[in-house]
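Asks: Sharing a structure below in C-alpha cells format, with a few things to ask.
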Amino acid sequence: MTPEIIATIVTSVLIIIGCLGIIIPVLPGSITALIGLIIWAVVVQSVEGWVVLALGGTLLLAGMSASLVLTGTRLKRRAIPNRTLLFGVIGAVIGMFVIPVVGLVIGFIVGLLASETVRNRNFRTALDTSWVALKAAGIGIILELSCALLASSVFIIGAIVFFVTAA
C-alpha cells in the first residue's frame, strides 16, 4: 500500500469521526475532519490535495464559526448563559451511558431543563428558555454538519480526481 492510499483511508476515518463528533458532542467534530484534510494534503503533495484542503477547510471553519455565532447570538438574545448548554452536554454524556440509543438526546434535554429550572426558579420559564436553547443548538448542529458533509464531498471528489489522474 502506498502512503497516498494509507493517507486517504486515515483521512476518510477522521472525516467520519468528525461528522459523528458534530452530532455527538463527546467526540471532536470539525477539527478532526480538518486534521484529516491537512494530513491528506501533506501526504499527497499535489494540486488536488491543496485544493481539497483549501475548499474543505474553508467549509469546515465556516460551519464551526457559523454554528458558534448563531447559537451564541440566539442564547444572548434570550439572556441564556452558556453554562446552560454546558449542563446540557453533561446531561447528554450521562444519558448516553444510562439509556442506550436515545440517552444522548434525553440527557441533553434534561440537562438543559435542570439548569434553567435552577436558574429561573420557575418551571414554565425554564421550559420556554430550554426550548430556545435546544432550537439554537439544533440549528447550529445542522449548519455545522451540512458544511462538514460538503467538505467530505469535496474530499471524495478530490481523492477520485487524484487517483484517476495519478494512474
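If you're wondering about the labels, chains in the C-alpha cells are A, B, ... by order shown, residues count from 1 in each chain, ligands from 1 in order shown.
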Within 9 Å of region 92-109 of chain A, counting only C-alpha atoms, which residues show up once you throw out same-chain ones fewer than 4 positions away? Write them as an MDAnalysis selection string, please.
Replies: chainID A and resid 24:26 85 87:88 113:114 130:131 134
Asks: With only C-alpha atoms counted and 12 Å as the cut-off, give the residues of region 61-97 of chain A in contact with region 137-148 of chain A, each with its shortest interatomic distance in Å and the pair that gives it, as a Markdown table.
Replies:
| residue | atom | partner | partner_atom | distance |
| --- | --- | --- | --- | --- |
| A:Leu61 | CA | A:Cys147 | CA | 8.6 |
| A:Ala62 | CA | A:Cys147 | CA | 7.4 |
| A:Gly63 | CA | A:Glu144 | CA | 4.2 |
| A:Met64 | CA | A:Glu144 | CA | 5.6 |
| A:Ser65 | CA | A:Glu144 | CA | 8.4 |
| A:Ala66 | CA | A:Gly140 | CA | 7.3 |
| A:Ser67 | CA | A:Gly140 | CA | 4.1 |
| A:Leu68 | CA | A:Gly140 | CA | 7.0 |
| A:Val69 | CA | A:Gly140 | CA | 8.6 |
| A:Leu70 | CA | A:Gly140 | CA | 6.5 |
| A:Thr71 | CA | A:Gly140 | CA | 5.9 |
| A:Gly72 | CA | A:Ala137 | CA | 9.1 |
| A:Thr73 | CA | A:Gly140 | CA | 10.9 |
| A:Arg74 | CA | A:Ala137 | CA | 9.3 |
| A:Leu75 | CA | A:Ala137 | CA | 9.3 |
| A:Asn82 | CA | A:Ala137 | CA | 11.0 |
| A:Thr84 | CA | A:Ala137 | CA | 11.0 |
| A:Leu85 | CA | A:Ala137 | CA | 8.1 |
| A:Leu86 | CA | A:Ala137 | CA | 11.3 |
| A:Gly88 | CA | A:Ala137 | CA | 10.0 |
| A:Val89 | CA | A:Ala137 | CA | 10.6 |
Asks: Contacts of region 27-33 of chain A at 10 Å or less, counting only C-alpha atoms, minus same-chain residues fewer than 5 places along, as a list in words?
Replies: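 With the cut-off at 10 Å, the set is Thr11, Ser12, Val13, Leu14, Ile15, Ile16, Ile17, Gly18, Cys19, Leu20, Gly21, Ile22, Ile38, Ile39, Gly56, Gly57, Leu59, Leu60, Leu61, Ala62, Gly63, Met64, Glu144, Leu145, Cys147, Ala148, Ala151 and Ser152 of chain A.
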Asks: Under the rule that only C-alpha atoms are counted, which of A:Val44, A:Leu37, A:Ala79, A:Ala159 is the nearest residue to Thr58 (chain A)?
Replies: A:Leu37
Asks: Based on the backbone DSSP call, show me all residues of region 8-46 of chain A assigned helix (DSSP H, G or I), as a VMD selection string.
Replies: chain A and resid 8 to 23 30 to 44
Asks: CA of Ile5 (chain A) and CA of Leu55 (chain A) are how many Å apart?
Replies: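 Separation of CA of Ile5 (chain A) and CA of Leu55 (chain A): 20.9 Å.
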Asks: Compile the contact shell of Ile156 (chain A) as number ranges by chain: residues with an atom at most 10 Å away, counting only C-alpha atoms, same-chain residues fewer than 5 positions apart removed.
Replies: A: 8, 12, 52, 150-151, 161-162
Asks: Store the residues picked out above, limited to N, CA and C atoms, as an mmCIF file, in the first residue's frame.
Replies:
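again.cif written:
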data_model
loop_
_atom_site.group_PDB
_atom_site.id
_atom_site.type_symbol
_atom_site.label_atom_id
_atom_site.label_comp_id
_atom_site.auth_asym_id
_atom_site.auth_seq_id
_atom_site.Cartn_x
_atom_site.Cartn_y
_atom_site.Cartn_z
ATOM 1 N N THR A 8 -5.345 8.428 2.508
ATOM 2 C CA THR A 8 -6.750 8.546 2.093
ATOM 3 C C THR A 8 -7.657 7.785 3.051
ATOM 4 N N SER A 12 -10.341 9.516 5.517
ATOM 5 C CA SER A 12 -11.754 9.105 5.464
ATOM 6 C C SER A 12 -12.277 8.790 6.861
ATOM 7 N N VAL A 52 -8.353 20.576 -2.109
ATOM 8 C CA VAL A 52 -9.280 19.958 -1.154
ATOM 9 C C VAL A 52 -9.111 20.583 0.231
ATOM 10 N N LEU A 150 -20.461 18.779 3.136
ATOM 11 C CA LEU A 150 -19.979 19.383 1.884
ATOM 12 C C LEU A 150 -18.456 19.236 1.778
ATOM 13 N N ALA A 151 -17.757 19.442 2.897
ATOM 14 C CA ALA A 151 -16.297 19.282 2.905
ATOM 15 C C ALA A 151 -15.913 17.835 2.605
ATOM 16 N N VAL A 161 -10.317 12.372 -8.261
ATOM 17 C CA VAL A 161 -9.524 13.060 -9.297
ATOM 18 C C VAL A 161 -8.036 12.737 -9.120
ATOM 19 N N PHE A 162 -7.556 12.752 -7.874
ATOM 20 C CA PHE A 162 -6.139 12.455 -7.621
ATOM 21 C C PHE A 162 -5.764 11.066 -8.106
#
Asks: Determine the nearest neighbour of Phe155 (chain A) from the options A:Leu112, A:Ala133, A:Val51, A:Ile80, counting only C-alpha atoms.
Replies: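 Closest residue, counting only C-alpha atoms: A:Val51.
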Asks: Do you have the CA of Glu4 (chain A)-CA of Phe163 (chain A) distance handy?
Replies: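 Rounded to one decimal, the two atoms are 9.0 Å apart.
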Asks: Rounded to one decimal place, report the CA of Glu116 (chain A)-CA of Ile23 (chain A) distance in Å.
Replies: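 Interatomic distance, CA of Glu116 (chain A) to CA of Ile23 (chain A): 22.5 Å.
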Asks: Got a sec: who's within 10 Å of Thr117 (chain A), counting only C-alpha atoms, leaving out chain neighbours fewer than 5 positions off, as number ranges by chain?
Replies: A: 111-112, 122-127, 129-130
